[in-house]
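Here's start31.tsv, which has TSV, C-alpha atoms:
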```
chain	number	residue	atom	x	y	z
A	829	MET	CA	20.22	-1.65	-4.56
A	830	ASN	CA	16.91	-0.18	-5.66
A	831	LEU	CA	13.81	-0.05	-3.46
A	832	ILE	CA	10.20	-0.06	-4.70
A	833	ILE	CA	7.20	0.33	-2.40
A	834	PHE	CA	3.90	-1.37	-3.27
A	835	SER	CA	0.75	-0.65	-1.31
A	836	GLY	CA	-3.00	-0.89	-1.75
A	837	PRO	CA	-6.22	-2.15	-0.16
A	838	PRO	CA	-6.44	-5.77	1.04
A	839	SER	CA	-7.19	-8.38	-1.66
A	840	SER	CA	-6.48	-5.95	-4.49
A	841	GLY	CA	-3.97	-8.39	-5.98
A	842	LYS	CA	-0.67	-6.85	-4.83
A	843	THR	CA	1.16	-10.13	-4.29
A	844	SER	CA	0.00	-11.61	-7.60
A	845	VAL	CA	1.11	-8.51	-9.49
A	846	ILE	CA	4.48	-8.48	-7.72
A	847	LEU	CA	5.12	-12.18	-8.45
A	848	LYS	CA	4.37	-11.72	-12.14
A	849	THR	CA	6.51	-8.59	-12.25
A	850	ILE	CA	9.44	-10.39	-10.62
A	851	GLU	CA	9.12	-13.14	-13.24
A	852	ALA	CA	9.62	-10.44	-15.87
A	853	LEU	CA	12.54	-8.95	-13.94
A	854	LYS	CA	14.26	-12.34	-13.83
A	855	THR	CA	14.34	-12.40	-17.63
A	856	GLN	CA	16.33	-9.17	-17.39
A	857	ASN	CA	18.79	-10.77	-14.92
A	858	ILE	CA	17.66	-8.49	-12.09
A	859	LYS	CA	17.94	-10.22	-8.71
A	860	THR	CA	14.83	-9.22	-6.78
A	861	GLY	CA	13.73	-9.81	-3.19
A	862	ALA	CA	10.55	-8.98	-1.32
A	863	VAL	CA	9.38	-7.99	2.14
A	864	LYS	CA	5.78	-8.45	3.19
A	865	PHE	CA	4.27	-6.25	5.90
A	866	ASP	CA	0.90	-7.31	7.30
A	867	CYS	CA	-1.20	-7.09	10.44
A	868	LEU	CA	-2.17	-10.43	11.97
A	869	TYR	CA	-1.39	-13.15	9.45
A	870	THR	CA	-0.03	-13.78	5.98
A	871	ASP	CA	1.29	-16.78	4.11
A	872	ASP	CA	2.31	-14.73	1.08
A	873	ASP	CA	5.93	-15.24	2.10
A	874	LEU	CA	5.47	-18.91	1.18
A	875	LEU	CA	4.44	-17.88	-2.32
A	876	TYR	CA	7.62	-15.86	-2.67
A	877	GLN	CA	9.71	-18.73	-1.30
A	878	LYS	CA	8.07	-21.18	-3.71
A	879	ALA	CA	9.04	-18.87	-6.57
A	880	GLY	CA	12.64	-18.80	-5.33
A	881	ILE	CA	12.46	-15.18	-4.24
A	882	PRO	CA	14.36	-14.06	-1.11
A	883	VAL	CA	11.72	-12.77	1.31
A	884	GLN	CA	11.21	-11.35	4.78
A	885	LYS	CA	7.88	-11.10	6.60
A	886	GLY	CA	6.80	-8.60	9.28
A	887	ILE	CA	3.58	-8.85	11.30
A	888	SER	CA	2.59	-5.60	13.00
A	889	GLY	CA	0.14	-7.10	15.51
A	890	SER	CA	-1.46	-4.31	17.50
A	891	LEU	CA	0.46	-1.59	15.66
A	892	CYS	CA	-0.66	0.22	12.52
A	893	PRO	CA	1.00	-1.69	9.65
A	894	ASP	CA	2.32	1.49	8.05
A	895	HIS	CA	3.84	2.69	11.33
A	896	PHE	CA	5.36	-0.78	11.64
A	897	PHE	CA	6.71	-0.47	8.11
A	898	VAL	CA	8.44	2.85	8.83
A	899	SER	CA	9.96	1.45	12.01
A	900	ASN	CA	11.53	-1.50	10.20
A	901	ILE	CA	12.24	-0.51	6.61
A	902	GLU	CA	15.87	0.52	7.23
A	903	GLU	CA	16.71	-2.89	8.69
A	904	VAL	CA	15.03	-4.59	5.75
A	905	VAL	CA	16.98	-2.44	3.27
A	906	GLN	CA	20.23	-3.49	4.94
A	907	TRP	CA	19.13	-7.14	4.71
A	908	GLY	CA	18.51	-6.70	0.98
A	909	ILE	CA	21.95	-5.20	0.46
A	910	LYS	CA	23.58	-8.10	2.32
A	911	GLU	CA	21.61	-10.51	0.10
A	912	GLY	CA	23.12	-8.85	-2.94
A	913	LEU	CA	19.76	-7.83	-4.36
A	914	ASP	CA	19.49	-5.51	-7.31
A	915	LEU	CA	15.92	-4.63	-6.36
A	916	LEU	CA	13.91	-4.95	-3.16
A	917	ILE	CA	10.12	-4.77	-3.34
A	918	SER	CA	8.23	-3.83	-0.19
A	919	GLU	CA	4.58	-4.85	0.00
A	920	SER	CA	2.50	-3.06	2.63
A	921	ALA	CA	-0.86	-4.20	3.93
A	922	GLY	CA	-2.28	-0.72	3.42
A	923	LEU	CA	-5.07	-1.25	5.91
A	924	CYS	CA	-5.14	2.33	7.18
A	925	ASN	CA	-6.61	4.54	4.47
A	926	ARG	CA	-5.23	7.61	6.23
A	927	CYS	CA	-1.62	6.38	6.14
A	928	SER	CA	0.84	5.96	3.32
A	929	PRO	CA	4.14	4.04	3.34
A	930	TYR	CA	5.66	5.96	0.41
A	931	ILE	CA	9.03	7.62	0.87
A	932	LYS	CA	10.21	10.71	-0.99
A	933	ASN	CA	12.39	9.93	-4.03
A	934	ILE	CA	11.50	6.22	-3.89
A	935	LEU	CA	9.06	4.82	-6.44
A	936	GLY	CA	5.62	4.24	-4.90
A	937	ILE	CA	3.03	1.98	-6.54
A	938	CYS	CA	-0.61	1.60	-5.54
A	939	VAL	CA	-2.51	-1.53	-6.57
A	940	ILE	CA	-6.28	-1.16	-6.73
A	941	ASP	CA	-8.88	-3.45	-8.30
A	942	ASN	CA	-11.85	-2.80	-10.56
A	943	LEU	CA	-14.19	-4.73	-8.25
A	944	SER	CA	-13.59	-2.58	-5.18
A	945	GLY	CA	-16.33	-0.07	-6.02
A	946	ILE	CA	-16.57	2.99	-8.22
A	947	ASN	CA	-15.96	5.39	-5.32
A	948	THR	CA	-12.98	3.51	-3.87
A	949	PRO	CA	-10.41	5.87	-5.45
A	950	LYS	CA	-11.86	8.68	-3.32
A	951	LYS	CA	-11.75	6.60	-0.14
A	952	ILE	CA	-8.20	5.25	0.13
A	953	GLY	CA	-6.51	8.62	0.57
A	954	PRO	CA	-2.73	9.01	0.27
A	955	LEU	CA	-2.20	5.38	-0.75
A	956	LEU	CA	-3.55	6.45	-4.12
A	957	LYS	CA	-3.11	10.22	-4.12
A	958	SER	CA	0.66	10.17	-3.58
A	959	ALA	CA	1.53	7.12	-5.74
A	960	ASP	CA	3.78	7.41	-8.80
A	961	ILE	CA	2.17	4.46	-10.56
A	962	VAL	CA	-1.35	3.08	-10.10
A	963	VAL	CA	-1.87	-0.53	-11.12
A	964	ILE	CA	-5.48	-1.53	-11.73
A	965	THR	CA	-6.24	-5.24	-11.49
A	966	LYS	CA	-9.12	-7.64	-12.20
A	967	GLY	CA	-9.99	-5.87	-15.42
A	968	ASP	CA	-10.86	-9.19	-17.05
A	969	ILE	CA	-13.93	-9.49	-14.83
A	970	VAL	CA	-15.59	-6.20	-15.80
A	971	SER	CA	-16.56	-4.60	-19.10
A	972	GLN	CA	-14.41	-2.20	-21.10
A	973	ALA	CA	-16.74	0.65	-20.17
A	974	GLU	CA	-16.39	-0.16	-16.46
A	975	ARG	CA	-12.60	-0.29	-16.80
A	976	GLU	CA	-12.55	3.11	-18.45
A	977	VAL	CA	-14.84	4.71	-15.87
A	978	PHE	CA	-12.80	3.28	-13.00
A	979	ALA	CA	-9.53	4.46	-14.56
A	980	ALA	CA	-11.04	7.92	-15.03
A	981	ARG	CA	-11.93	8.00	-11.31
A	982	VAL	CA	-8.35	7.04	-10.45
A	983	ASN	CA	-7.01	9.75	-12.73
A	984	ALA	CA	-9.28	12.35	-11.12
A	985	VAL	CA	-7.79	11.55	-7.70
A	986	ASN	CA	-4.16	11.36	-8.90
A	987	PRO	CA	-3.75	12.98	-12.33
A	988	ARG	CA	0.06	12.84	-12.25
A	989	ALA	CA	0.32	9.06	-11.79
A	990	ILE	CA	0.98	6.55	-14.54
A	991	ILE	CA	-2.07	4.27	-14.73
A	992	MET	CA	-1.54	0.67	-15.84
A	993	HIS	CA	-3.74	-2.41	-16.14
A	994	VAL	CA	-2.07	-5.64	-15.00
A	995	ASN	CA	-3.60	-9.10	-14.80
A	996	GLY	CA	-2.24	-10.89	-11.74
A	997	LEU	CA	-3.29	-14.31	-13.08
A	998	THR	CA	-2.01	-14.21	-16.65
A	999	GLY	CA	0.72	-11.64	-16.10
A	1000	GLN	CA	-0.50	-9.41	-18.91
A	1001	GLY	CA	1.02	-5.97	-18.38
A	1002	ALA	CA	3.63	-7.21	-15.88
A	1003	PHE	CA	6.55	-6.89	-18.29
A	1004	GLU	CA	5.60	-3.28	-19.05
A	1005	LEU	CA	5.44	-2.60	-15.32
A	1006	SER	CA	8.86	-4.21	-14.80
A	1007	THR	CA	10.45	-1.84	-17.33
A	1008	LEU	CA	9.09	1.14	-15.40
A	1009	LEU	CA	10.59	-0.20	-12.17
A	1010	THR	CA	14.07	-0.39	-13.65
A	1011	ASP	CA	13.77	2.92	-15.50
A	1012	LYS	CA	12.56	4.97	-12.55
A	1013	ALA	CA	14.18	3.31	-9.54
A	1014	GLU	CA	17.20	4.97	-7.95
A	1015	SER	CA	20.01	3.10	-6.20
A	1016	LEU	CA	20.41	3.59	-2.45
A	1017	SER	CA	22.45	2.25	0.43
A	1018	THR	CA	20.17	3.42	3.25
A	1019	VAL	CA	16.85	5.10	3.92
A	1020	GLN	CA	18.15	6.60	7.15
A	1021	GLY	CA	17.11	10.26	7.29
A	1022	MET	CA	14.80	10.05	4.28
A	1023	GLU	CA	11.26	11.43	4.63
A	1024	LEU	CA	7.78	10.05	4.17
A	1025	ARG	CA	5.71	11.67	1.45
A	1026	PHE	CA	2.69	11.95	3.73
A	1027	PRO	CA	2.58	12.38	7.52
A	1028	MET	CA	1.08	9.63	9.61
A	1029	PRO	CA	-2.20	10.34	11.47
A	1030	ALA	CA	-2.01	12.55	14.52
A	1031	ALA	CA	-2.00	10.46	17.70
A	1032	LEU	CA	-1.64	9.53	20.67
A	1033	CYS	CA	-4.89	8.74	22.50
A	1034	SER	CA	-5.74	6.48	25.42
A	1035	TYR	CA	-6.98	3.76	23.08
A	1036	CYS	CA	-3.62	3.74	21.31
A	1037	LEU	CA	-2.12	2.82	24.68
A	1038	GLY	CA	-4.48	-0.06	25.37
A	1039	GLU	CA	-7.56	1.51	26.97
A	1040	THR	CA	-10.72	-0.51	26.30
A	1041	ARG	CA	-13.35	1.33	28.35
A	1042	ILE	CA	-15.83	3.58	26.56
A	1043	GLY	CA	-16.78	7.09	27.62
A	1044	GLU	CA	-15.34	10.58	28.00
A	1045	ASN	CA	-13.85	9.76	31.41
A	1046	PHE	CA	-11.49	7.30	29.70
A	1047	GLN	CA	-10.64	9.35	26.63
A	1048	MET	CA	-7.39	11.27	26.81
A	1049	GLY	CA	-4.85	12.64	24.38
A	1050	ASN	CA	-5.64	13.39	20.75
A	1051	ILE	CA	-9.42	12.98	20.61
A	1052	ARG	CA	-11.77	14.27	17.93
A	1053	LYS	CA	-15.54	14.30	18.47
A	1054	MET	CA	-18.24	14.20	15.81
A	1055	LYS	CA	-20.73	17.02	15.45
A	1056	ILE	CA	-24.14	15.40	15.84
A	1057	ALA	CA	-26.70	17.19	13.68
A	1058	GLU	CA	-30.09	17.54	15.36
A	1059	GLU	CA	-33.07	16.86	13.12
A	1060	GLN	CA	-35.49	19.77	13.01
A	1061	GLY	CA	-39.20	19.47	13.73
A	1062	LEU	CA	-39.16	16.02	15.32
A	1063	GLY	CA	-41.75	15.58	18.02
A	1064	GLU	CA	-43.72	18.71	17.15
A	1065	ASN	CA	-46.79	16.71	16.12
A	1066	ASN	CA	-46.46	13.94	18.72
```
Taking this structure as input, can you express it in the form of structure tokens?
Amino acid sequence: MNLIIFSGPPSSGKTSVILKTIEALKTQNIKTGAVKFDCLYTDDDLLYQKAGIPVQKGISGSLCPDHFFVSNIEEVVQWGIKEGLDLLISESAGLCNRCSPYIKNILGICVIDNLSGINTPKKIGPLLKSADIVVITKGDIVSQAEREVFAARVNAVNPRAIIMHVNGLTGQGAFELSTLLTDKAESLSTVQGMELRFPMPAALCSYCLGETRIGENFQMGNIRKMKIAEEQGLGENN
């Protein structure tokens, strides 16, 4: 079985792109399943079920969704193998811009949309920087010039990635993406012992363990303080 990892900011169109891509994979007789990782709620699993796609859903709750992903991906891979899948697509919530769910030697795809802001490629960190393929969505809503500028910003952050434009509504570009998934994916029987491409954020602090009180007396563990710059000359003429 092959494993592909999709990630990206919320509402970037990951699920729509995946559904259209799986439609294209079905025409190639590739049995594909999906697993959806999210934080508090998702009904995307119903969309997969409606399309006849085997699916599992994981809600991380109070945990970082990418930490939750790493803790559960092996079990999901074994589920996919038992289902007889040719390809398993993992969709991560990607809510922590410091984290990345990508695994070494497994194809990683970042989905990002043209409407997210021109500086977004600089803000989402390893989700974009360590991806093999970057899928840009919602290009039908902006001008050609805006699409080109946004793609150039993506390329500046990750020059080695393949950049593709896919329309999650019409499916334009999904077939081309599906061919890349089958060309580049490598078969595996386990992810046990494999390594993440990017280390998770350094932790553990008191707030990670449930502390809610504010102030230095309640802050323990891995804490980083801001340097507050003092404005010069204030109050001299008051």
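Of the residues listed (A:Pro954, A:Val883, A:Leu1009, A:Thr998), A:Pro954 shows the shortest atom-to-atom separation from A:Val985; distances use only C-alpha atoms.
Rounded to one decimal, atom CA of A:Ile937 and atom CA of A:Ser835 lie 6.3 Å from each other.
Interatomic distance, atom CA of A:Ser890 to atom CA of A:Thr870: 15.0 Å.
Taking only C-alpha atoms into account, A:Lys932 lies nearest to A:Asp960 out of the set A:Asp960, A:Glu911, A:Glu903, A:Glu976.
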Report task. Just the residues within 8 Å of A:Lys864, please, counting only C-alpha atoms, with nothing from its chain fewer than 6 positions along; format it as an MDAnalysis selection string. Result -> chainID A and resid 872:873 883:886 918:921
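Across the model, the gap from atom CA of A:Ile850 to atom CA of A:Gln1000 is 13.0 Å.
Residue nearest A:Gly953, chosen from A:His895, A:Arg926, A:Lys966, A:His993 and counting all atoms listed in the file: A:Arg926.
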Report task. Give as a list in words every residue, naming chains and numbers as the document does, that has an atom within 10 Å of (-0.1, 1.5, -14.6), counting only C-alpha atoms. Result -> Ile937, Cys938, Val939, Asp960, Ile961, Val962, Val963, Ile964, Thr965, Ala979, Ala989, Ile990, Ile991, Met992, His993, Val994, Gly1001, Ala1002, Glu1004, Leu1005 and Leu1008 of chain A
Requested in this report: Mind checking which residues fall within 10 Å of A:Ile909, counting all atoms listed in the file, ignoring those fewer than 3 positions away in the same chain, and posting them as number ranges by chain?
Outcome: A: 829-830, 904-906, 912-916, 1016-1018
Report summary line: If you count only C-alpha atoms, the residue of A:Val898, A:Asn1050, A:Val863, A:Ser840 closest to A:Gly1021 turns out to be A:Val898
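Closest to A:Thr948 among A:Leu1024, A:Val982, A:Gln856, A:Ser899 is A:Val982, based on all atoms listed in the file.
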Requested in this report: Find the spatial neighbours of A:Ala879, counting only C-alpha atoms, within a cut-off of 9 Å - ignore same-chain residues fewer than 4 positions away - and output them as JSON, numbers by chain.
Outcome: {"A": [847, 851, 874, 875]}
The centre and edge lengths of an axis-aligned box containing all atoms of stretch 983-988 of chain A present in the file, extended by 4 Å on each side, are to be given in Å to one decimal, as JSON.
```
{"center_x": -4.6, "center_y": 11.4, "center_z": -10.2, "size_x": 17.3, "size_y": 11.2, "size_z": 13.0}
```
N, CA and C atoms for stretch 956-991 of chain A, written as a tab-separated table (two decimals), in the frame of the given file, could you do that?
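Dumped to part.tsv:
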```
chain	number	residue	atom	x	y	z
A	956	LEU	N	-3.35	6.21	-2.70
A	956	LEU	CA	-3.55	6.45	-4.12
A	956	LEU	C	-3.07	7.83	-4.54
A	957	LYS	N	-3.38	8.83	-3.73
A	957	LYS	CA	-3.11	10.22	-4.12
A	957	LYS	C	-1.63	10.52	-4.28
A	958	SER	N	-0.78	9.85	-3.53
A	958	SER	CA	0.66	10.17	-3.58
A	958	SER	C	1.48	9.11	-4.30
A	959	ALA	N	0.81	8.17	-5.01
A	959	ALA	CA	1.53	7.12	-5.74
A	959	ALA	C	2.08	7.66	-7.06
A	960	ASP	N	3.20	7.08	-7.49
A	960	ASP	CA	3.78	7.41	-8.80
A	960	ASP	C	3.11	6.61	-9.91
A	961	ILE	N	2.81	5.36	-9.60
A	961	ILE	CA	2.17	4.46	-10.56
A	961	ILE	C	0.95	3.83	-9.88
A	962	VAL	N	-0.15	3.77	-10.60
A	962	VAL	CA	-1.35	3.08	-10.10
A	962	VAL	C	-1.61	1.88	-10.99
A	963	VAL	N	-1.60	0.71	-10.40
A	963	VAL	CA	-1.87	-0.53	-11.12
A	963	VAL	C	-3.30	-0.95	-10.83
A	964	ILE	N	-4.09	-1.10	-11.88
A	964	ILE	CA	-5.48	-1.53	-11.73
A	964	ILE	C	-5.58	-2.99	-12.13
A	965	THR	N	-6.15	-3.80	-11.26
A	965	THR	CA	-6.24	-5.24	-11.49
A	965	THR	C	-7.68	-5.69	-11.70
A	966	LYS	N	-7.82	-6.97	-12.03
A	966	LYS	CA	-9.12	-7.64	-12.20
A	966	LYS	C	-9.95	-7.00	-13.31
A	967	GLY	N	-9.29	-6.47	-14.30
A	967	GLY	CA	-9.99	-5.87	-15.42
A	967	GLY	C	-10.67	-6.88	-16.32
A	968	ASP	N	-10.26	-8.15	-16.21
A	968	ASP	CA	-10.86	-9.19	-17.05
A	968	ASP	C	-12.25	-9.58	-16.57
A	969	ILE	N	-12.64	-9.10	-15.39
A	969	ILE	CA	-13.93	-9.49	-14.83
A	969	ILE	C	-15.01	-8.46	-15.14
A	970	VAL	N	-14.63	-7.26	-15.53
A	970	VAL	CA	-15.59	-6.20	-15.80
A	970	VAL	C	-15.54	-5.82	-17.29
A	971	SER	N	-16.49	-5.01	-17.70
A	971	SER	CA	-16.56	-4.60	-19.10
A	971	SER	C	-15.54	-3.51	-19.40
A	972	GLN	N	-15.32	-3.26	-20.69
A	972	GLN	CA	-14.41	-2.20	-21.10
A	972	GLN	C	-14.89	-0.86	-20.60
A	973	ALA	N	-16.20	-0.62	-20.65
A	973	ALA	CA	-16.74	0.65	-20.17
A	973	ALA	C	-16.48	0.84	-18.68
A	974	GLU	N	-16.65	-0.24	-17.90
A	974	GLU	CA	-16.39	-0.16	-16.46
A	974	GLU	C	-14.91	0.10	-16.18
A	975	ARG	N	-14.04	-0.53	-16.97
A	975	ARG	CA	-12.60	-0.29	-16.80
A	975	ARG	C	-12.26	1.17	-17.06
A	976	GLU	N	-12.85	1.72	-18.10
A	976	GLU	CA	-12.55	3.11	-18.45
A	976	GLU	C	-13.08	4.09	-17.41
A	977	VAL	N	-14.28	3.83	-16.91
A	977	VAL	CA	-14.84	4.71	-15.87
A	977	VAL	C	-14.00	4.65	-14.61
A	978	PHE	N	-13.60	3.43	-14.22
A	978	PHE	CA	-12.80	3.28	-13.00
A	978	PHE	C	-11.45	3.98	-13.16
A	979	ALA	N	-10.81	3.80	-14.32
A	979	ALA	CA	-9.53	4.46	-14.56
A	979	ALA	C	-9.68	5.97	-14.54
A	980	ALA	N	-10.80	6.47	-15.04
A	980	ALA	CA	-11.04	7.92	-15.03
A	980	ALA	C	-11.18	8.42	-13.59
A	981	ARG	N	-11.80	7.63	-12.72
A	981	ARG	CA	-11.93	8.00	-11.31
A	981	ARG	C	-10.56	8.03	-10.65
A	982	VAL	N	-9.71	7.07	-10.98
A	982	VAL	CA	-8.35	7.04	-10.45
A	982	VAL	C	-7.59	8.28	-10.90
A	983	ASN	N	-7.70	8.60	-12.17
A	983	ASN	CA	-7.01	9.75	-12.73
A	983	ASN	C	-7.47	11.06	-12.10
A	984	ALA	N	-8.75	11.14	-11.76
A	984	ALA	CA	-9.28	12.35	-11.12
A	984	ALA	C	-8.67	12.56	-9.75
A	985	VAL	N	-8.38	11.46	-9.04
A	985	VAL	CA	-7.79	11.55	-7.70
A	985	VAL	C	-6.29	11.82	-7.78
A	986	ASN	N	-5.61	11.19	-8.75
A	986	ASN	CA	-4.16	11.36	-8.90
A	986	ASN	C	-3.82	11.54	-10.38
A	987	PRO	N	-3.97	12.75	-10.89
A	987	PRO	CA	-3.75	12.98	-12.33
A	987	PRO	C	-2.30	12.87	-12.78
A	988	ARG	N	-1.34	12.89	-11.84
A	988	ARG	CA	0.06	12.84	-12.25
A	988	ARG	C	0.59	11.41	-12.33
A	989	ALA	N	-0.16	10.44	-11.83
A	989	ALA	CA	0.32	9.06	-11.79
A	989	ALA	C	0.20	8.39	-13.15
A	990	ILE	N	1.10	7.45	-13.39
A	990	ILE	CA	0.98	6.55	-14.54
A	990	ILE	C	-0.03	5.47	-14.17
A	991	ILE	N	-1.04	5.27	-15.00
A	991	ILE	CA	-2.07	4.27	-14.73
A	991	ILE	C	-1.85	3.09	-15.66
```
